[in-house]
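What follows is a single structure, written as structure tokens, with notes after it.
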Amino acid sequence: MTAAADMLKARLAGLSPRYGIVLGSGLGSLVEAVADPVRSPIRIFRAFRSAPYRDMPASWLQGKIGGVPVIVLSGRVHFYERGDANAMRTPIETLKALGVETLILTNSAGSLREDLPPGSVMQITDHINFSGTSPLIGVDSDDRFVGLTSAYDPALAERMRAAAIKLDIPLGSGVYMWFSGPNFETPAEIRMARILGADAVGMSTVPEVILARFFGLKVAAASVITNFRRGHDRRRTQPS
Ligand code: HPA
């Protein structure tokens, strides 16, 4: 177990969270839904110690949502920060060490589909890794050959869909394409992404999905759509 896991385990106080949640940009206010919150310093993870994370309101929170024990990681480290696809490895490994079985990942993304306008939510059913890298490069065992056929757990996806129907929240679904960032896409890249089968593009989540599967966690993921084909249509390229 990592030193961070030892420290965080001692703070669980009998709670056995099976669910971990990563909150993407703009979704941080969900921490307000966490009952009996116990906040731990996120800077126990080295990746969160460097700029710009020193000053960002990232947090590691344990508590309950709807009576269910959860650990919420609000804020993430992106690949584009330092070119490190492994930046989220220790936090995800720590969730696993604390007994978490399911990781729910959220992000903001750019839509490539007219029927997924800004403000809509897209359940991620699959991804395309367009970054050319993987967090598992350099892992020194055959465990690195992780299968990603059902990376986004079908049973969890069904539960997410059922919950959305019950709560009357429109939920699209589609394929998320990971660009390294931090620049946005060109019009040609946006056209390519659509041709290759993507429904949304973004700069996160995929390395976390790969790491989660490496550590044997089940994954569910959703994108909040913040913009439409940013590189494509000049009238819609203003920063939001
Ligand atoms: N492209 C890449 N990442 C993003 C976008 C986008 O249009 N919107 C939000 N994250």
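How things are named: the first chain in the structure tokens is A, the next is B, and so on; residues count from 1 in each chain; ligands count from 1 in the order shown.
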Return as a Markdown table the residues of chain A lying at most 8 Å from ligand 1, together with the closest atom-to-atom pair for each and the distance in Å to one decimal, counting only C-alpha atoms and all ligand atoms, with rows in chain order and ascending residue number.
| residue | atom | partner | partner_atom_place_in_ligand_line | distance |
| --- | --- | --- | --- | --- |
| A:Asn107 | CA | ligand 1 | 10 (N) | 7.7 |
| A:Ser108 | CA | ligand 1 | 9 (C) | 4.8 |
| A:Ala109 | CA | ligand 1 | 9 (C) | 3.6 |
| A:Gly110 | CA | ligand 1 | 7 (O) | 3.5 |
| A:Ser111 | CA | ligand 1 | 7 (O) | 6.8 |
| A:Trp178 | CA | ligand 1 | 2 (C) | 8.0 |
| A:Phe179 | CA | ligand 1 | 2 (C) | 6.8 |
| A:Gly181 | CA | ligand 1 | 2 (C) | 6.8 |
| A:Pro182 | CA | ligand 1 | 2 (C) | 7.9 |
| A:Asn183 | CA | ligand 1 | 2 (C) | 7.8 |
| A:Phe184 | CA | ligand 1 | 1 (N) | 5.2 |
| A:Glu185 | CA | ligand 1 | 1 (N) | 6.1 |
| A:Ala200 | CA | ligand 1 | 6 (C) | 7.9 |
| A:Val201 | CA | ligand 1 | 2 (C) | 5.1 |
| A:Gly202 | CA | ligand 1 | 3 (N) | 3.4 |
| A:Met203 | CA | ligand 1 | 3 (N) | 4.9 |
| A:Ser204 | CA | ligand 1 | 3 (N) | 8.0 |
| A:Ile225 | CA | ligand 1 | 9 (C) | 7.0 |
| A:Thr226 | CA | ligand 1 | 8 (N) | 5.6 |
| A:Asn227 | CA | ligand 1 | 8 (N) | 5.6 |
| A:Phe228 | CA | ligand 1 | 7 (O) | 6.6 |
| A:Arg229 | CA | ligand 1 | 7 (O) | 6.0 |
| A:Arg230 | CA | ligand 1 | 7 (O) | 4.8 |
| A:Gly231 | CA | ligand 1 | 7 (O) | 7.2 |
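Excluding segment 156-163 of chain A and any residue on its chain fewer than 4 positions from it, the residues at most 8 Å away by only C-alpha atoms are Gln123, Thr125, Tyr152, Leu167, Leu171, Val219 and Ala220 of chain A.
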So which bits of segment 5-233 of chain A end up strand (DSSP E or B) when you DSSP the backbone, as number ranges by chain? A: 19-23, 35-40, 59-65, 68-74, 102-111, 121-129, 171-178, 200-202, 218-228
Would you list the contacts of segment 95-106 of chain A as a list of chain:residue names, taking every protein, DNA or RNA residue within 8 Å and counting only C-alpha atoms, but skipping same-chain residues closer than 3 positions in sequence?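 Once the nearby chain positions are removed, what remains is A:Met1, A:Ala5, A:Leu8, A:Lys9, A:Ser16, A:Pro17, A:Arg18, A:Tyr19, A:Gly20, A:Ile21, A:Val22, A:Leu23, A:Gly24, A:Ile71, A:Pro91, A:Ile92, A:Thr205, A:Ala212, A:Phe215, A:Gly216, A:Leu217, A:Lys218, A:Val219, A:Ala220, A:Ala221, A:Ala222, A:Ser223, A:Val224.
For segment 26-36 of chain A, the set of protein, DNA and RNA residues having any atom at most 10 Å away, when counting only C-alpha atoms and skipping those fewer than 3 positions along the same chain, is Val22, Leu23, Arg39, Pro57, Ala58, Ser59, Trp60, Leu61, Gln62, Gly63, Lys64, Ile65, Gly66, Gly67, Val68, Pro69, Val70, Ile71, Val72, Leu73, Ser74, Gly75, Thr106, Asn107, Ser108, Val224 and Thr226 of chain A.
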